[in-house]
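Student: My structure is stored as start-v6.cif, with mmCIF, C-alpha atoms.
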```cif
data_work
loop_
_atom_site.label_atom_id
_atom_site.label_comp_id
_atom_site.auth_asym_id
_atom_site.auth_seq_id
_atom_site.Cartn_x
_atom_site.Cartn_y
_atom_site.Cartn_z
CA MET A 9 78.77 62.86 -32.61
CA ALA A 10 79.11 64.31 -36.11
CA ALA A 11 76.25 63.60 -38.49
CA SER A 12 78.39 61.51 -40.83
CA SER A 13 79.75 59.50 -37.94
CA LEU A 14 76.24 58.85 -36.65
CA ASP A 15 75.15 57.89 -40.15
CA GLN A 16 77.96 55.33 -40.41
CA LYS A 17 77.11 53.93 -36.99
CA LEU A 18 73.44 53.57 -37.92
CA ARG A 19 74.33 51.87 -41.19
CA ARG A 20 76.39 49.30 -39.33
CA LEU A 21 73.60 48.87 -36.82
CA ALA A 22 70.98 48.34 -39.54
CA ARG A 23 73.11 45.78 -41.38
CA SER A 24 73.99 43.80 -38.29
CA HIS A 25 70.36 43.81 -37.13
CA PHE A 26 68.83 42.62 -40.39
CA GLU A 27 71.64 40.20 -41.26
CA ASP A 28 71.61 38.51 -37.86
CA ARG A 29 70.75 34.90 -38.64
CA SER A 30 70.14 34.00 -35.03
CA ARG A 31 66.66 35.48 -35.18
CA ARG A 32 63.85 35.68 -37.71
CA ARG A 33 64.31 38.79 -39.80
CA GLY A 34 61.47 41.11 -40.63
CA LEU A 35 60.00 40.54 -44.07
CA LEU A 36 57.94 42.87 -46.20
CA VAL A 37 55.51 41.38 -48.71
CA ALA A 38 53.40 43.65 -50.89
CA PHE A 39 50.21 42.79 -52.75
CA GLU A 40 49.60 45.00 -55.77
CA GLY A 41 47.08 45.17 -58.56
CA PRO A 42 44.06 47.08 -59.78
CA ASP A 43 40.81 47.20 -57.84
CA GLY A 44 38.91 44.03 -58.59
CA SER A 45 42.03 41.95 -59.14
CA GLY A 46 41.37 39.82 -56.07
CA LYS A 47 44.46 40.85 -54.13
CA THR A 48 42.62 41.66 -50.90
CA THR A 49 41.03 38.19 -50.85
CA GLN A 50 44.45 36.66 -51.38
CA ARG A 51 46.07 38.91 -48.79
CA LYS A 52 43.59 37.72 -46.17
CA LEU A 53 44.13 34.06 -47.04
CA PHE A 54 47.87 34.59 -47.02
CA LYS A 55 47.79 36.22 -43.60
CA THR A 56 45.72 33.39 -42.12
CA TRP A 57 48.16 30.85 -43.51
CA LEU A 58 51.22 32.75 -42.27
CA GLU A 59 49.82 32.97 -38.77
CA ALA A 60 49.14 29.25 -38.80
CA GLU A 61 52.77 28.80 -39.80
CA GLY A 62 53.89 30.76 -36.75
CA TYR A 63 54.64 34.15 -38.25
CA GLU A 64 53.76 37.31 -36.41
CA VAL A 65 51.96 39.28 -39.13
CA VAL A 66 51.24 42.99 -39.38
CA THR A 67 48.95 44.24 -42.14
CA THR A 68 49.09 47.73 -43.56
CA LYS A 69 46.67 49.08 -46.12
CA TRP A 70 46.90 51.90 -48.61
CA ASN A 71 45.70 55.29 -47.38
CA SER A 72 45.07 54.06 -43.87
CA SER A 73 47.08 56.13 -41.42
CA ASP A 74 45.07 57.67 -38.62
CA LEU A 75 46.99 60.91 -39.13
CA ILE A 76 46.66 61.56 -42.88
CA ARG A 77 43.71 59.45 -43.99
CA PRO A 78 41.07 61.82 -42.56
CA ILE A 79 42.67 64.70 -44.46
CA ILE A 80 42.48 62.77 -47.73
CA LYS A 81 39.00 61.45 -47.05
CA SER A 82 37.49 64.87 -46.43
CA ARG A 83 38.92 66.20 -49.68
CA LYS A 84 37.95 63.17 -51.71
CA SER A 85 34.38 63.46 -50.51
CA ILE A 86 33.99 66.89 -52.10
CA HIS A 87 36.10 66.12 -55.20
CA VAL A 88 38.55 68.96 -54.71
CA LEU A 89 41.88 67.19 -55.11
CA SER A 90 44.02 67.92 -58.14
CA PRO A 91 46.23 65.04 -59.36
CA LEU A 92 49.24 66.72 -57.73
CA GLU A 93 47.53 67.19 -54.37
CA TYR A 94 46.19 63.64 -54.56
CA SER A 95 49.71 62.38 -55.19
CA LEU A 96 51.37 64.41 -52.42
CA LEU A 97 48.82 63.50 -49.77
CA HIS A 98 49.02 59.78 -50.54
CA ALA A 99 52.82 59.98 -50.42
CA ALA A 100 52.52 61.65 -46.99
CA ASP A 101 50.19 58.90 -45.78
CA PHE A 102 52.60 56.27 -47.06
CA ARG A 103 55.62 57.91 -45.43
CA HIS A 104 53.86 58.14 -42.10
CA ARG A 105 52.92 54.45 -42.22
CA VAL A 106 56.47 53.49 -43.20
CA GLU A 107 57.82 55.32 -40.16
CA THR A 108 55.17 54.38 -37.61
CA GLU A 109 53.95 50.93 -38.72
CA ILE A 110 56.15 49.21 -41.29
CA LEU A 111 59.72 49.89 -40.16
CA PRO A 112 58.98 49.34 -36.44
CA ALA A 113 57.39 45.97 -37.29
CA LEU A 114 60.29 44.95 -39.55
CA TRP A 115 62.77 45.97 -36.87
CA ASP A 116 60.92 43.69 -34.43
CA GLY A 117 61.23 40.76 -36.83
CA LYS A 118 57.59 40.70 -37.90
CA LEU A 119 56.22 39.91 -41.31
CA VAL A 120 54.52 42.93 -42.83
CA VAL A 121 51.87 42.32 -45.47
CA ALA A 122 51.08 45.47 -47.39
CA ASP A 123 47.74 45.62 -49.19
CA ARG A 124 49.06 48.01 -51.82
CA PHE A 125 52.45 49.67 -51.58
CA LEU A 126 54.13 52.67 -53.17
CA PHE A 127 53.60 51.10 -56.61
CA THR A 128 49.92 51.94 -56.25
CA GLY A 129 50.85 55.60 -55.96
CA LEU A 130 53.18 55.33 -58.94
CA ALA A 131 50.62 53.57 -61.15
CA ARG A 132 47.71 55.83 -60.29
CA ASP A 133 49.68 59.07 -60.43
CA ALA A 134 51.26 58.16 -63.74
CA ALA A 135 47.80 57.21 -65.04
CA ARG A 136 46.69 60.71 -64.00
CA GLY A 137 49.44 62.18 -66.14
CA LEU A 138 52.08 62.95 -63.53
CA ASP A 139 55.73 62.37 -64.34
CA PHE A 140 56.81 58.91 -63.19
CA ASP A 141 60.31 59.91 -62.05
CA ARG A 142 59.01 62.85 -60.06
CA VAL A 143 56.45 60.69 -58.31
CA LEU A 144 59.06 58.04 -57.52
CA LYS A 145 61.19 60.69 -55.84
CA LEU A 146 58.32 61.63 -53.52
CA TYR A 147 58.67 58.17 -52.00
CA GLN A 148 62.39 58.46 -51.27
CA PRO A 149 64.14 57.15 -49.31
CA LEU A 150 62.74 54.06 -50.95
CA LEU A 151 61.79 50.97 -49.02
CA TRP A 152 61.67 47.93 -51.27
CA PRO A 153 59.57 44.91 -50.33
CA ASP A 154 61.19 41.50 -50.19
CA MET A 155 58.44 40.30 -52.50
CA VAL A 156 55.76 41.99 -54.57
CA PHE A 157 52.84 39.87 -55.73
CA TYR A 158 51.15 41.54 -58.66
CA PHE A 159 47.63 40.38 -59.44
CA SER A 160 47.16 40.65 -63.15
CA VAL A 161 43.68 40.95 -64.62
CA SER A 162 42.24 42.59 -67.70
CA ALA A 163 40.49 45.96 -67.47
CA ARG A 164 37.25 44.23 -68.39
CA THR A 165 37.58 41.71 -65.56
CA ALA A 166 38.40 44.47 -63.06
CA ARG A 167 35.40 46.47 -64.24
CA ASP A 168 33.01 43.51 -64.13
CA ARG A 169 34.11 42.48 -60.65
CA ILE A 170 33.73 46.01 -59.26
CA ALA A 171 30.44 46.66 -61.05
CA ALA A 172 28.99 43.41 -59.68
CA THR A 173 29.15 44.76 -56.14
CA ARG A 174 29.16 48.55 -56.22
CA THR A 175 29.59 51.75 -58.18
CA PRO A 176 33.19 52.93 -58.33
CA LYS A 177 33.90 56.07 -56.34
CA PHE A 178 34.88 59.34 -58.03
CA TYR A 179 38.68 59.09 -57.71
CA GLU A 180 38.70 55.30 -57.92
CA ALA A 181 36.96 55.68 -61.27
CA GLY A 182 39.42 58.37 -62.31
CA GLN A 183 36.59 60.79 -63.01
CA ASP A 184 38.87 63.67 -62.07
CA VAL A 185 40.89 62.99 -65.22
CA THR A 186 38.68 61.08 -67.66
CA ALA A 187 35.88 63.65 -67.93
CA ILE A 188 33.43 60.73 -68.15
CA ASP A 189 30.30 61.22 -66.05
CA GLU A 190 29.29 57.58 -65.80
CA PRO A 191 31.46 56.02 -63.03
CA THR A 192 31.73 52.49 -64.40
CA ALA A 193 32.63 53.67 -67.89
CA SER A 194 35.17 56.06 -66.41
CA TYR A 195 36.55 53.26 -64.27
CA GLU A 196 37.16 51.04 -67.28
CA ARG A 197 38.97 53.86 -69.09
CA PHE A 198 41.03 54.79 -66.07
CA ILE A 199 41.88 51.26 -64.95
CA THR A 200 43.14 50.52 -68.46
CA ARG A 201 45.72 53.26 -67.95
CA VAL A 202 46.52 52.06 -64.42
CA ILE A 203 47.04 48.49 -65.63
CA ARG A 204 49.35 49.74 -68.37
CA GLU A 205 51.46 51.46 -65.70
CA TYR A 206 51.38 48.37 -63.49
CA GLU A 207 52.58 46.18 -66.35
CA SER A 208 55.58 48.49 -66.82
CA LEU A 209 56.29 48.48 -63.09
CA ALA A 210 56.06 44.68 -63.02
CA LEU A 211 58.88 44.48 -65.53
CA ILE A 212 61.05 47.24 -64.03
CA PHE A 213 60.77 46.08 -60.44
CA ARG A 214 60.47 42.34 -61.09
CA PHE A 215 57.12 41.74 -59.49
CA ILE A 216 55.93 38.19 -59.05
CA THR A 217 52.94 38.15 -61.36
CA VAL A 218 49.93 36.11 -60.27
CA ASP A 219 47.23 35.41 -62.82
CA GLY A 220 44.24 37.03 -61.12
CA GLU A 221 41.85 35.34 -63.55
CA ARG A 222 42.57 31.92 -62.04
CA SER A 223 40.60 30.37 -59.19
CA ILE A 224 41.06 31.70 -55.66
CA HIS A 225 42.35 28.31 -54.54
CA ASP A 226 44.96 28.04 -57.29
CA GLN A 227 46.21 31.57 -56.69
CA HIS A 228 46.55 31.02 -52.96
CA HIS A 229 48.60 27.85 -53.34
CA GLU A 230 50.82 29.49 -55.91
CA ILE A 231 51.44 32.38 -53.49
CA ARG A 232 52.34 29.96 -50.71
CA ARG A 233 54.84 28.22 -52.98
CA LEU A 234 56.39 31.45 -54.24
CA PHE A 235 56.65 32.81 -50.72
CA ARG A 236 58.46 29.67 -49.55
CA GLU A 237 60.92 30.04 -52.42
CA GLY A 238 61.59 33.68 -51.67
CA GLU A 239 61.50 34.03 -47.91
CA GLN A 240 65.17 33.16 -47.43
CA ARG A 241 66.34 36.05 -49.55
CA PRO A 242 69.09 38.02 -47.84
CA TRP A 243 68.54 41.53 -46.53
CA SER A 244 69.04 44.14 -49.24
CA ASP A 245 71.27 47.18 -48.74
CA TRP A 246 68.85 49.03 -51.01
CA ASN A 247 66.79 49.75 -47.93
CA LEU A 248 69.63 51.18 -45.86
CA ASP A 249 68.79 54.84 -46.42
CA ALA A 250 65.18 54.38 -45.33
CA VAL A 251 66.16 52.41 -42.24
CA VAL A 252 68.94 54.80 -41.24
CA GLU A 253 66.67 57.84 -41.53
CA TRP A 254 64.11 56.08 -39.34
CA LEU A 255 66.72 55.00 -36.79
CA ALA A 256 68.05 58.56 -36.56
CA MET A 257 64.55 59.87 -35.93
CA THR A 258 63.57 57.29 -33.34
CA GLY A 259 66.76 57.50 -31.34
CA ILE A 260 67.45 53.75 -31.61
CA ARG A 261 71.21 53.42 -31.34
CA ALA A 262 71.76 49.78 -30.41
CA MET B 11 42.88 85.26 -49.52
CA ALA B 12 42.23 88.96 -49.10
CA GLY B 13 42.46 91.06 -52.25
CA ASP B 14 41.00 94.14 -53.92
CA ASP B 15 40.05 95.32 -57.35
CA GLY B 16 43.23 97.37 -57.67
CA ASP B 17 44.08 99.88 -60.31
CA PRO B 18 42.14 99.04 -63.49
CA ARG B 19 44.67 100.97 -65.59
CA VAL B 20 47.36 98.39 -64.89
CA LYS B 21 47.66 95.88 -67.71
CA ALA B 22 46.68 92.29 -67.10
CA ASN B 23 50.17 91.04 -67.94
CA ASP B 24 51.63 92.94 -65.02
CA SER B 25 51.44 89.93 -62.71
CA ARG B 26 54.10 89.45 -60.11
CA LEU B 27 54.75 86.87 -57.41
CA ILE B 28 56.62 88.01 -54.33
CA ALA B 29 57.80 85.50 -51.76
CA ILE B 30 58.30 86.41 -48.13
CA ASP B 31 60.14 83.78 -46.16
CA GLY B 32 61.39 83.54 -42.62
CA VAL B 33 61.25 81.62 -39.38
CA SER B 34 58.69 83.73 -37.52
CA ALA B 35 55.12 83.49 -38.77
CA ALA B 36 54.19 86.76 -37.07
CA ALA B 37 57.08 88.61 -38.71
CA ILE B 38 56.21 87.13 -42.12
CA ARG B 39 52.58 88.13 -41.72
CA ASP B 40 53.45 91.69 -40.69
CA ALA B 41 55.87 92.07 -43.57
CA ALA B 42 53.28 90.77 -46.03
CA ARG B 43 50.68 93.26 -44.78
CA ARG B 44 53.11 96.16 -45.03
CA LEU B 45 54.15 95.18 -48.51
CA ALA B 46 50.56 94.64 -49.67
CA SER B 47 49.45 98.02 -48.38
CA SER B 48 52.39 99.88 -49.83
CA THR B 49 52.20 98.61 -53.38
CA ARG B 50 50.41 100.49 -56.13
CA ARG B 51 50.03 97.43 -58.30
CA ARG B 52 46.78 95.51 -58.76
CA ARG B 53 46.83 93.48 -55.62
CA GLY B 54 45.86 89.83 -55.63
CA GLY B 55 46.31 89.58 -51.91
CA VAL B 56 48.43 87.52 -49.58
CA SER B 57 48.56 83.74 -49.85
CA SER B 58 49.39 82.31 -46.46
CA TRP B 59 50.56 78.94 -45.26
CA GLY B 60 47.77 76.57 -44.27
CA ALA B 61 45.13 77.93 -46.67
CA SER B 62 44.04 74.41 -47.59
CA GLY B 63 43.16 73.55 -43.99
CA ILE B 64 45.46 70.52 -44.02
CA PHE B 65 47.37 71.65 -40.97
CA ASP B 66 44.21 72.55 -39.07
CA GLU B 67 43.06 68.96 -39.52
CA LEU B 68 46.48 67.66 -38.58
CA GLY B 69 46.26 69.65 -35.38
CA VAL B 70 43.10 67.87 -34.23
CA ALA B 71 44.38 64.35 -34.90
CA ASP B 72 44.52 61.97 -31.94
CA ALA B 73 47.86 61.68 -30.18
CA ASP B 74 47.72 57.96 -30.99
CA ALA B 75 47.93 58.81 -34.69
CA GLY B 76 51.65 59.40 -34.26
CA THR B 77 54.01 62.31 -34.71
CA PRO B 78 54.72 63.21 -38.32
CA SER B 79 58.34 63.29 -39.40
CA MET B 80 59.87 66.29 -41.12
CA ARG B 81 59.56 64.49 -44.44
CA THR B 82 55.85 63.86 -43.89
CA LEU B 83 55.29 67.47 -42.86
CA LEU B 84 57.04 68.71 -45.98
CA LEU B 85 54.90 66.49 -48.19
CA LEU B 86 51.89 68.07 -46.51
CA TYR B 87 53.34 71.55 -46.94
CA ALA B 88 53.80 70.80 -50.64
CA ALA B 89 50.18 69.64 -50.89
CA ASP B 90 49.08 72.84 -49.17
CA LEU B 91 51.22 74.91 -51.52
CA ALA B 92 49.76 73.11 -54.54
CA PHE B 93 46.33 74.12 -53.24
CA ARG B 94 47.44 77.73 -52.75
CA LEU B 95 48.88 77.85 -56.26
CA ARG B 96 45.71 76.42 -57.77
CA TRP B 97 43.17 78.53 -55.93
CA GLU B 98 44.98 81.68 -54.81
CA ILE B 99 48.29 82.42 -56.46
CA GLY B 100 47.69 81.10 -59.96
CA PRO B 101 44.32 82.79 -60.59
CA ALA B 102 45.59 86.13 -59.25
CA LEU B 103 48.65 86.00 -61.49
CA GLU B 104 46.46 85.16 -64.47
CA GLU B 105 44.48 88.32 -63.76
CA GLY B 106 47.69 90.33 -63.84
CA ARG B 107 47.81 90.95 -60.13
CA LEU B 108 50.58 91.09 -57.58
CA VAL B 109 50.48 88.17 -55.18
CA ILE B 110 52.45 87.82 -51.98
CA ALA B 111 53.20 84.26 -50.91
CA ALA B 112 54.01 84.33 -47.23
CA PRO B 113 55.74 81.99 -46.71
CA TYR B 114 56.64 80.29 -49.97
CA VAL B 115 59.17 77.62 -50.92
CA ALA B 116 62.38 78.85 -49.28
CA THR B 117 61.01 78.55 -45.74
CA ALA B 118 60.07 74.91 -46.24
CA VAL B 119 63.34 74.04 -47.96
CA ALA B 120 65.32 75.70 -45.16
CA VAL B 121 63.59 73.77 -42.38
CA GLY B 122 63.99 70.56 -44.37
CA ARG B 123 67.70 71.21 -44.85
CA ALA B 124 68.01 72.08 -41.16
CA ALA B 125 66.56 68.66 -40.37
CA GLY B 126 69.13 66.99 -42.60
CA LEU B 127 66.99 66.24 -45.64
CA ASP B 128 68.63 66.03 -49.01
CA ALA B 129 68.64 69.26 -51.05
CA ALA B 130 67.86 67.41 -54.27
CA TRP B 131 64.80 65.74 -52.74
CA LEU B 132 63.52 69.11 -51.55
CA ALA B 133 64.11 70.67 -54.96
CA ASP B 134 62.15 67.87 -56.61
CA LEU B 135 59.36 68.14 -54.06
CA PHE B 136 58.73 71.79 -54.92
CA HIS B 137 59.47 71.59 -58.65
CA PHE B 138 55.88 72.58 -59.44
CA ALA B 139 56.14 75.97 -57.73
CA PRO B 140 57.03 78.79 -60.11
CA PRO B 141 59.95 80.97 -59.04
CA ALA B 142 59.04 84.21 -57.34
CA ALA B 143 59.95 87.45 -59.06
CA GLU B 144 61.19 88.77 -55.72
CA GLN B 145 62.25 87.00 -52.56
CA HIS B 146 62.30 88.70 -49.18
CA LEU B 147 63.87 87.19 -46.11
CA ILE B 148 62.36 88.39 -42.87
CA ASP B 149 65.05 87.89 -40.32
CA SER B 150 63.85 87.98 -36.73
CA PRO B 151 66.66 86.93 -34.40
CA SER B 152 64.41 86.62 -31.38
CA ALA B 153 61.70 84.57 -33.02
CA GLY B 154 63.28 81.24 -32.16
CA HIS B 155 63.27 82.09 -28.49
CA SER B 156 59.71 83.25 -28.13
CA PRO B 157 56.56 81.17 -28.42
CA ASP B 158 55.12 81.39 -31.90
CA HIS B 159 52.73 78.60 -32.74
CA GLU B 160 51.33 80.06 -35.92
CA GLY B 161 54.00 79.19 -38.43
CA PHE B 162 55.16 76.16 -40.34
CA VAL B 163 58.71 76.38 -39.01
CA GLU B 164 57.50 76.43 -35.43
CA LEU B 165 55.13 73.55 -36.03
CA ALA B 166 57.79 71.49 -37.78
CA CYS B 167 60.34 72.17 -35.05
CA LEU B 168 57.88 71.27 -32.31
CA HIS B 169 57.13 67.96 -34.01
CA ALA B 170 60.82 67.26 -34.63
CA GLU B 171 61.55 67.74 -30.96
CA LYS B 172 59.03 65.02 -30.08
CA HIS B 173 61.13 62.42 -31.90
CA GLN B 174 63.67 60.94 -29.53
CA GLY B 175 66.53 61.17 -31.96
CA GLY B 176 65.72 64.68 -33.19
CA PRO B 177 67.30 68.02 -32.38
CA THR B 178 65.70 70.45 -29.95
CA ARG B 179 63.22 72.99 -31.22
CA LEU B 180 65.60 75.89 -30.74
CA GLU B 181 68.51 74.09 -32.40
CA LEU B 182 66.37 73.37 -35.42
CA MET B 183 65.03 76.92 -35.61
CA ASP B 184 68.54 78.33 -35.48
CA ARG B 185 69.67 75.96 -38.19
CA THR B 186 66.64 76.91 -40.28
CA ARG B 187 67.50 80.57 -39.91
CA ARG B 188 71.04 79.91 -41.09
CA HIS B 189 69.84 77.93 -44.11
CA LEU B 190 67.41 80.68 -45.00
CA SER B 191 70.06 83.35 -44.73
CA ALA B 192 72.29 81.36 -47.02
CA SER B 193 69.63 80.66 -49.61
CA VAL B 194 67.52 83.79 -49.89
CA ARG B 195 68.80 87.05 -51.22
CA ARG B 196 68.08 89.85 -48.79
CA PRO B 197 65.95 92.75 -50.10
CA ALA B 198 67.59 96.09 -50.66
CA ALA B 199 67.55 98.36 -47.63
CA GLY B 200 64.58 100.71 -47.40
#
```
Let me see whether you can do it: turn the structure in this file into structure tokens.
Tutor:
Amino acid sequence: MAASSLDQKLRRLARSHFEDRSRRRGLLVAFEGPDGSGKTTQRKLFKTWLEAEGYEVVTTKWNSSDLIRPIIKSRKSIHVLSPLEYSLLHAADFRHRVETEILPALWDGKLVVADRFLFTGLARDAARGLDFDRVLKLYQPLLWPDMVFYFSVSARTARDRIAATRTPKFYEAGQDVTAIDEPTASYERFITRVIREYESLALIFRFITVDGERSIHDQHHEIRRLFREGEQRPWSDWNLDAVVEWLAMTGIRA
Amino acid sequence: MAGDDGDPRVKANDSRLIAIDGVSAAAIRDAARRLASSTRRRRGGVSSWGASGIFDELGVADADAGTPSMRTLLLLYAADLAFRLRWEIGPALEEGRLVIAAPYVATAVAVGRAAGLDAAWLADLFHFAPPAAEQHLIDSPSAGHSPDHEGFVELACLHAEKHQGGPTRLELMDRTRRHLSASVRRPAAG
């Protein structure tokens, strides 16, 4: 079968699979925000609630693939990553998780909750001075979540919450680019840049912004309500390229 | 990266980056050695694929960690190349030396194209790599049919073959060779 013919067949297959209303379609929900914004707490509460509601939930976390994470971890520990290498390795980790965790789960009709998604890479890399458009291209073919909850907090709040429990790590604090020796001070400087990038992303990509300064209870109930409003959204053709590339690789043809 | 002090009479602005690309890692390595030993310029040495150790670590990952796709492998190749440029190629060029990158960008782009990846994506991926002053294609027709586990092309083709929907290793190597031939200008005879 010619490549273009196979491509057309896989496009039809992807559409019919994800638009089939006779079964629950896979949903992708991303939680984004700076460290200390409370998104991990909310992600855990959300998952517990979803499971109680009968959803089969798969969680994926940033920089967590068994294949790439050790490579990143060993380099982070000795502070040898340049911003470009940092960016490329995290994009590789993300791509591997998309292909081995996220798309298989979505294909099986599961609900994937991503604790950080590609927007984390965009925000951090841009905050490190890399070109936004170039970084975005690293993540192509793009896979867009059905919903992105963005946890908005001030840089001061993020700093205070992190400092209350631990000292920020070297790259988390952005010490590779701030030239500030004191981790917490570096963190506040760096997270200010990251938040600025996030705020731009929230507008461009229409994130659902959650006020991370509110109580845990209030945030959780707001997320439940917003999820209920958004879960019936139709499948988006924007994700066709990513799905078709994955289908071609896996050999799924029907 | 192996290097030497070279000829101190050569001016520091005499830097030169030479790329040697091909499918066979052994043929690339041999060509790089020959070229390095024949030049009279201040040699900065040969920068080889895998200098960062990324692919060594990939090789010891558990089978359960999954098989990387071509796109993932190329992101890793780019990260490795960024390391080579930062620690090997860039400093040598700044000192006015001749550096041989073996392989460089064309090999990775060719295997990516052979796997069906978009040319524009590949061009963006390697935008940070400066163009080589010279490009040499090492064509080795038999390389695809003999075991050669040292090179990026071989590694990428072996991984691609593990994916159910992917082409065979030999198909992909042949396609890579064709893409390389089409994209890299052959050196003058002799």
Student: Can you list every residue of chain A that has an atom at most 10 Å from chain B, with its nearest atom pair and the distance in Å to one decimal, using all atoms listed in the file, ordered by chain then number, as a tab-separated table?
Tutor:
```
residue	atom	partner	partner_atom	distance
A:Ala11	CA	B:Gly126	CA	8.9
A:Ser73	CA	B:Ala75	CA	7.3
A:Asp74	CA	B:Ala75	CA	5.0
A:Leu75	CA	B:Ala75	CA	5.0
A:Ile76	CA	B:Leu68	CA	7.5
A:Pro78	CA	B:Glu67	CA	8.0
A:Ile79	CA	B:Ile64	CA	6.5
A:Ile80	CA	B:Ile64	CA	9.1
A:Ser82	CA	B:Glu67	CA	9.8
A:Arg83	CA	B:Ile64	CA	9.7
A:Val88	CA	B:Phe93	CA	9.5
A:Leu89	CA	B:Phe93	CA	8.4
A:Ser90	CA	B:Phe93	CA	8.2
A:Leu92	CA	B:Ala92	CA	7.2
A:Glu93	CA	B:Ala89	CA	5.0
A:Tyr94	CA	B:Ala89	CA	8.1
A:Ser95	CA	B:Ala89	CA	8.5
A:Leu96	CA	B:Ala89	CA	5.6
A:Leu97	CA	B:Ala89	CA	6.4
A:His98	CA	B:Leu85	CA	9.2
A:Ala99	CA	B:Leu85	CA	7.2
A:Ala100	CA	B:Thr82	CA	5.1
A:Asp101	CA	B:Thr82	CA	7.8
A:Phe102	CA	B:Thr82	CA	8.8
A:Arg103	CA	B:Thr82	CA	6.2
A:His104	CA	B:Thr82	CA	6.3
A:Arg105	CA	B:Gly76	CA	9.5
A:Glu107	CA	B:Ser79	CA	8.0
A:Thr108	CA	B:Gly76	CA	7.0
A:Glu109	CA	B:Gly76	CA	9.8
A:Asp141	CA	B:Asp134	CA	9.8
A:Arg142	CA	B:Asp134	CA	6.9
A:Val143	CA	B:Leu135	CA	9.1
A:Lys145	CA	B:Trp131	CA	6.9
A:Leu146	CA	B:Leu135	CA	6.6
A:Tyr147	CA	B:Trp131	CA	9.8
A:Gln148	CA	B:Trp131	CA	7.8
A:Pro149	CA	B:Trp131	CA	9.3
A:Glu253	CA	B:Leu127	CA	9.4
A:Trp254	CA	B:Ser79	CA	9.2
A:Leu255	CA	B:Gly175	CA	7.8
A:Ala256	CA	B:Gly175	CA	5.5
A:Met257	CA	B:Gly175	CA	4.6
A:Thr258	CA	B:Gly175	CA	5.1
A:Gly259	CA	B:Gly175	CA	3.7
A:Ile260	CA	B:Gly175	CA	7.5
A:Arg261	CA	B:Gly175	CA	9.1
```
Student: Which residues are close to region 27-38 of chain B, i.e. within 7 Å by all atoms listed in the file, leaving aside same-chain residues fewer than 6 positions away? Reply as JSON, numbers by chain.
Tutor: {"B": [108, 109, 110, 111, 112, 113, 114, 116, 117, 142, 143, 144, 145, 146, 147, 148, 149, 150, 153, 160, 161, 163, 187]}
Student: What's the separation between CA of Pro101 (chain B) and CA of Pro141 (chain B), in Å to one decimal place?
Tutor: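 Separating CA of Pro101 (chain B) from CA of Pro141 (chain B) is a distance of 15.8 Å.
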Student: What is the CA of Leu58 (chain A)-CA of Arg33 (chain A) distance in Å, reported with one decimal?
Tutor: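 Here the two named atoms are 14.6 Å from each other.
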Student: Please measure the separation of CA of Phe162 (chain B) and CA of Ala139 (chain B), giving the value in Å to one decimal.
Tutor: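 Computing it gives 17.4 Å between the two atoms.
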Student: Do a neighbour search on region 20-28 of chain A at 8 Å with only C-alpha atoms, toss out local chain neighbours closer than 3 positions, and write the hits as a PyMOL selection string.
Tutor: chain A and resi 16-17+31+33-34+115+242-243+245+248+251-252+261-262
Student: Find the residues near Glu239 (chain A): any atom within 10 Å, counting all atoms listed in the file, skip ones fewer than 5 places away on the same chain, and give them as an mmCIF file with C-alpha atoms, keeping the file's coordinate frame.
Tutor:
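around03.cif, freshly written:
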```
data_model
loop_
_atom_site.group_PDB
_atom_site.id
_atom_site.type_symbol
_atom_site.label_atom_id
_atom_site.label_comp_id
_atom_site.auth_asym_id
_atom_site.auth_seq_id
_atom_site.Cartn_x
_atom_site.Cartn_y
_atom_site.Cartn_z
ATOM 1 C CA ARG A 33 64.310 38.790 -39.800
ATOM 2 C CA LEU A 35 60.000 40.540 -44.070
ATOM 3 C CA LEU A 36 57.940 42.870 -46.200
ATOM 4 C CA VAL A 37 55.510 41.380 -48.710
ATOM 5 C CA ASP A 154 61.190 41.500 -50.190
ATOM 6 C CA MET A 155 58.440 40.300 -52.500
ATOM 7 C CA LEU A 234 56.390 31.450 -54.240
#
```
Student: Give me, as an NGL selection string, all polymer residues having an atom no more than 6 Å from Gly44 (chain A), counting all atoms listed in the file and skipping those fewer than 6 positions away in the same chain.
Tutor: :A and (166 or 169-170)
Student: Smallest atom-to-atom distance to Arg39 (chain B): which of B:Arg185, B:Trp59, B:Asp24, B:Cys167, using all atoms listed in the file?
Tutor: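 Selected residue with least distance to Arg39 (chain B): B:Trp59.
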Student: Using only C-alpha atoms, give me every residue within 12 Å of (52.4, 42.3, -56.9) in file coordinates, as a PyMOL selection string.
Tutor: chain A and resi 37-42+45-48+50-51+121-128+153-161+203+206-207+209-211+213-220+231+234
Student: With distances taken over all atoms listed in the file, which residue among A:Ala60, A:Ala163, A:Leu53, A:Ala135 lies nearest Gly182 (chain A)?
Tutor: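 Closest to Gly182 (chain A) of all the choices is A:Ala135.
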Student: Which polymer residues have any atom within 6 Å of an atom of Lys118 (chain A), counting only C-alpha atoms, with same-chain residues fewer than 2 positions away left out, as a list in words?
Tutor: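 Selected residues are Gly34, Glu64, Val65, Ala113, Leu114 and Asp116 of chain A.
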Student: What do you get, as a count of residues only, if you spell out every residue that the PyMOL selection byres ((chain A and resi 188-191) around 12) selects here?
Tutor: 25
Student: Would you please work out which residue, of B:Val121, B:Ala133, B:Ser57, B:Thr178, is nearest to Glu98 (chain B) when using all atoms listed in the file?
Tutor: B:Ser57
Student: Given all atoms listed in the file as the basis, pick out the residue of A:Glu61, A:Asp133, A:Asp168, A:Asp139 nearest to Asp43 (chain A).
Tutor: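 Of the candidates, the smallest distance to Asp43 (chain A) is held by A:Asp168.
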